[in-house]
Amino acid sequence: LGVKAEALAQVFLQRSAAFRMRRRGVEMRLLLGDDPTMPDPALIKFVGRAHRWWRYVASGVAIGELAKQEGVSKRLISLHLPAAFLARDILEMIIDGRQAASLTAKTLRSTTIPPLWEDQRVLFGLPSRASDPT
């Protein structure tokens, strides 16, 4: 602007903005804005695989056969499948990147996901939606 900093009032030299710090694994991000979202590609891939693999299993493909077809272990498929039954609002949060920072692919892989959506919301620290069918 061609103006020396000393010539400006101090109020013009300061910036303030809403932000959040978000950790994902070893990565730390500073997110600017009132409601910053950050889709987690690993988490989206995890949930996507769960749904795809569940469609195969539901159509009658054995897990062992599916594992061979996909080039993965039966255990990996079994770890993913419960994520195919997450509550709709949790799935929407994951896709939009609004999930809790603690909700990662690693968390889903190592957590027993309750079958009832309301219990899932409690587990992941989300508000209750008691009127939803489970």
# chains A, B, ... in the order shown; residues from 1 in each chain; ligands from 1
$ select_by_dssp --residues "segment 32-127 of chain A" --states "alpha helix (DSSP H)" --output "compact mmCIF listing (two decimals) with C-alpha atoms, in the first residue's frame"
# COMPACT_ATOMS: atom_id res chain seq x y z
CA PRO A 41 -10.03 -39.01 3.19
CA ALA A 42 -8.92 -42.09 5.17
CA LEU A 43 -12.17 -42.10 7.17
CA ILE A 44 -14.31 -41.62 4.06
CA LYS A 45 -12.44 -44.45 2.31
CA PHE A 46 -12.92 -46.70 5.37
CA VAL A 47 -16.69 -46.10 5.47
CA GLY A 48 -16.96 -46.40 1.68
CA ARG A 49 -15.21 -49.77 1.72
CA ALA A 50 -17.49 -50.92 4.54
CA HIS A 51 -20.58 -50.13 2.48
CA ARG A 52 -19.20 -51.65 -0.71
CA TRP A 53 -18.09 -54.82 1.04
CA TRP A 54 -21.41 -55.12 2.90
CA ARG A 55 -23.29 -55.01 -0.43
CA TYR A 56 -21.21 -58.00 -1.61
CA VAL A 57 -21.76 -59.93 1.61
CA ALA A 58 -25.50 -59.13 1.62
CA ILE A 63 -16.16 -63.01 3.20
CA GLY A 64 -13.30 -65.37 2.26
CA GLU A 65 -14.17 -65.12 -1.42
CA LEU A 66 -14.50 -61.34 -1.18
CA ALA A 67 -11.14 -61.10 0.57
CA LYS A 68 -9.47 -63.02 -2.28
CA GLN A 69 -11.24 -60.86 -4.85
CA GLU A 70 -10.15 -57.61 -3.13
CA LYS A 74 -10.84 -61.61 5.93
CA ARG A 75 -9.94 -59.83 9.17
CA LEU A 76 -9.68 -56.46 7.40
CA ILE A 77 -13.12 -56.92 5.86
CA SER A 78 -14.54 -57.93 9.25
CA LEU A 79 -13.06 -54.80 10.84
CA HIS A 80 -14.72 -52.60 8.22
CA ARG A 88 -27.19 -41.56 8.85
CA ASP A 89 -26.33 -38.35 10.68
CA ILE A 90 -22.90 -39.73 11.61
CA LEU A 91 -22.28 -40.66 7.97
CA GLU A 92 -23.31 -37.17 6.86
CA MET A 93 -20.91 -35.62 9.37
CA ILE A 94 -18.07 -37.82 8.10
CA ILE A 95 -18.75 -36.94 4.46
CA ASP A 96 -19.06 -33.22 5.26
CA ALA A 105 -10.57 -44.63 10.57
CA LYS A 106 -8.30 -45.97 13.31
CA THR A 107 -11.02 -45.31 15.89
CA LEU A 108 -13.62 -47.17 13.83
CA ARG A 109 -11.25 -50.07 13.26
CA SER A 110 -10.56 -50.50 16.96
CA TRP A 117 -27.88 -45.48 16.39
CA GLU A 118 -28.61 -43.74 19.67
CA ASP A 119 -25.81 -45.72 21.35
CA GLN A 120 -23.49 -44.77 18.46
CA ARG A 121 -24.26 -41.09 19.06
CA VAL A 122 -23.43 -41.49 22.75
CA LEU A 123 -20.19 -43.34 21.88
$ select_by_dssp --residues "chain A" --states "strand (DSSP E)" --output "list in words"
Phe19, Arg20, Met21, Arg22, Arg23, Arg24, Glu27, Met28, Arg29, Leu30, Leu31 and Leu32 of chain A
$ closest_residue --among "A:Ala101, A:Thr112, A:Ala83, A:Leu126" --to "Glu27 of chain A" --atoms "only C-alpha atoms"
A:Ala101
$ atom_distance --atom1 "atom CA of Leu103 of chain A" --atom2 "atom CA of Phe124 of chain A"
7.1 Å
$ atom_distance --atom1 "atom CA of Ala87 of chain A" --atom2 "atom CA of Met38 of chain A"
19.7 Å
$ atom_distance --atom1 "atom CA of Ala84 of chain A" --atom2 "atom CA of Ile113 of chain A"
10.2 Å
$ decode --residues "segment 110-123 of chain A" --atoms "all heavy atoms" --output "tab-separated table (two decimals), in the first residue's frame"
chain	number	residue	atom	x	y	z
A	110	SER	N	-10.86	-49.93	15.65
A	110	SER	CA	-10.56	-50.50	16.96
A	110	SER	C	-11.71	-50.39	17.97
A	110	SER	O	-11.55	-50.76	19.12
A	110	SER	CB	-9.32	-49.82	17.54
A	110	SER	OG	-9.56	-48.44	17.71
A	111	THR	N	-12.87	-49.89	17.54
A	111	THR	CA	-14.00	-49.70	18.43
A	111	THR	C	-15.13	-50.66	18.07
A	111	THR	O	-15.40	-50.87	16.89
A	111	THR	CB	-14.53	-48.25	18.32
A	111	THR	OG1	-13.47	-47.35	18.63
A	111	THR	CG2	-15.69	-48.00	19.25
A	112	THR	N	-15.76	-51.21	19.09
A	112	THR	CA	-16.96	-51.99	18.84
A	112	THR	C	-18.11	-51.01	18.65
A	112	THR	O	-18.45	-50.25	19.56
A	112	THR	CB	-17.27	-52.93	20.04
A	112	THR	OG1	-16.15	-53.80	20.22
A	112	THR	CG2	-18.52	-53.74	19.79
A	113	ILE	N	-18.65	-50.98	17.45
A	113	ILE	CA	-19.71	-50.02	17.12
A	113	ILE	C	-21.05	-50.62	17.55
A	113	ILE	O	-21.43	-51.69	17.08
A	113	ILE	CB	-19.72	-49.70	15.61
A	113	ILE	CG1	-18.38	-49.07	15.22
A	113	ILE	CG2	-20.88	-48.78	15.27
A	113	ILE	CD1	-18.20	-48.88	13.73
A	114	PRO	N	-21.76	-49.94	18.44
A	114	PRO	CA	-23.05	-50.47	18.88
A	114	PRO	C	-24.05	-50.51	17.72
A	114	PRO	O	-24.01	-49.66	16.84
A	114	PRO	CB	-23.52	-49.47	19.94
A	114	PRO	CG	-22.42	-48.51	20.16
A	114	PRO	CD	-21.44	-48.66	19.06
A	115	PRO	N	-24.95	-51.50	17.73
A	115	PRO	CA	-25.93	-51.60	16.63
A	115	PRO	C	-26.99	-50.49	16.66
A	115	PRO	O	-27.51	-50.12	15.62
A	115	PRO	CB	-26.57	-52.97	16.82
A	115	PRO	CG	-26.29	-53.33	18.24
A	115	PRO	CD	-25.04	-52.62	18.64
A	116	LEU	N	-27.30	-49.96	17.84
A	116	LEU	CA	-28.32	-48.92	17.94
A	116	LEU	C	-27.72	-47.55	17.64
A	116	LEU	O	-26.69	-47.18	18.20
A	116	LEU	CB	-28.96	-48.92	19.33
A	116	LEU	CG	-29.68	-50.20	19.73
A	116	LEU	CD1	-30.21	-50.09	21.14
A	116	LEU	CD2	-30.80	-50.51	18.75
A	117	TRP	N	-28.39	-46.80	16.78
A	117	TRP	CA	-27.88	-45.48	16.39
A	117	TRP	C	-27.73	-44.56	17.59
A	117	TRP	O	-26.79	-43.78	17.68
A	117	TRP	CB	-28.78	-44.86	15.34
A	117	TRP	CG	-28.68	-45.52	14.00
A	117	TRP	CD1	-27.79	-46.48	13.62
A	117	TRP	CD2	-29.48	-45.25	12.87
A	117	TRP	NE1	-28.01	-46.84	12.32
A	117	TRP	CE2	-29.04	-46.09	11.82
A	117	TRP	CE3	-30.54	-44.40	12.63
A	117	TRP	CZ2	-29.61	-46.08	10.56
A	117	TRP	CZ3	-31.11	-44.39	11.36
A	117	TRP	CH2	-30.65	-45.22	10.34
A	118	GLU	N	-28.68	-44.61	18.49
A	118	GLU	CA	-28.61	-43.74	19.67
A	118	GLU	C	-27.35	-44.05	20.49
A	118	GLU	O	-26.67	-43.14	20.96
A	118	GLU	CB	-29.87	-43.91	20.53
A	118	GLU	CG	-30.01	-42.86	21.60
A	118	GLU	CD	-30.00	-41.43	21.05
A	118	GLU	OE1	-30.57	-41.16	19.99
A	118	GLU	OE2	-29.39	-40.57	21.71
A	119	ASP	N	-27.03	-45.33	20.62
A	119	ASP	CA	-25.81	-45.72	21.35
A	119	ASP	C	-24.55	-45.26	20.60
A	119	ASP	O	-23.55	-44.91	21.20
A	119	ASP	CB	-25.77	-47.23	21.57
A	119	ASP	CG	-26.87	-47.72	22.51
A	119	ASP	OD1	-27.45	-46.88	23.24
A	119	ASP	OD2	-27.15	-48.94	22.50
A	120	GLN	N	-24.62	-45.26	19.26
A	120	GLN	CA	-23.49	-44.77	18.46
A	120	GLN	C	-23.27	-43.28	18.73
A	120	GLN	O	-22.14	-42.83	18.88
A	120	GLN	CB	-23.76	-44.98	16.97
A	120	GLN	CG	-23.77	-46.42	16.55
A	120	GLN	CD	-24.15	-46.59	15.09
A	120	GLN	OE1	-24.17	-45.63	14.31
A	120	GLN	NE2	-24.47	-47.82	14.70
A	121	ARG	N	-24.37	-42.53	18.80
A	121	ARG	CA	-24.26	-41.09	19.06
A	121	ARG	C	-23.62	-40.84	20.42
A	121	ARG	O	-22.77	-39.95	20.56
A	121	ARG	CB	-25.63	-40.43	18.98
A	121	ARG	CG	-26.17	-40.40	17.57
A	121	ARG	CD	-27.51	-39.69	17.50
A	121	ARG	NE	-28.06	-39.86	16.18
A	121	ARG	CZ	-29.04	-40.70	15.87
A	121	ARG	NH1	-29.61	-41.42	16.80
A	121	ARG	NH2	-29.47	-40.80	14.63
A	122	VAL	N	-24.02	-41.62	21.41
A	122	VAL	CA	-23.43	-41.49	22.75
A	122	VAL	C	-21.93	-41.82	22.67
A	122	VAL	O	-21.10	-41.08	23.20
A	122	VAL	CB	-24.14	-42.42	23.76
A	122	VAL	CG1	-23.38	-42.49	25.08
A	122	VAL	CG2	-25.57	-41.95	23.98
A	123	LEU	N	-21.59	-42.91	22.00
A	123	LEU	CA	-20.19	-43.34	21.88
A	123	LEU	C	-19.32	-42.25	21.25
A	123	LEU	O	-18.21	-41.99	21.70
A	123	LEU	CB	-20.10	-44.62	21.04
A	123	LEU	CG	-18.69	-45.13	20.73
A	123	LEU	CD1	-18.00	-45.61	21.99
A	123	LEU	CD2	-18.76	-46.24	19.69
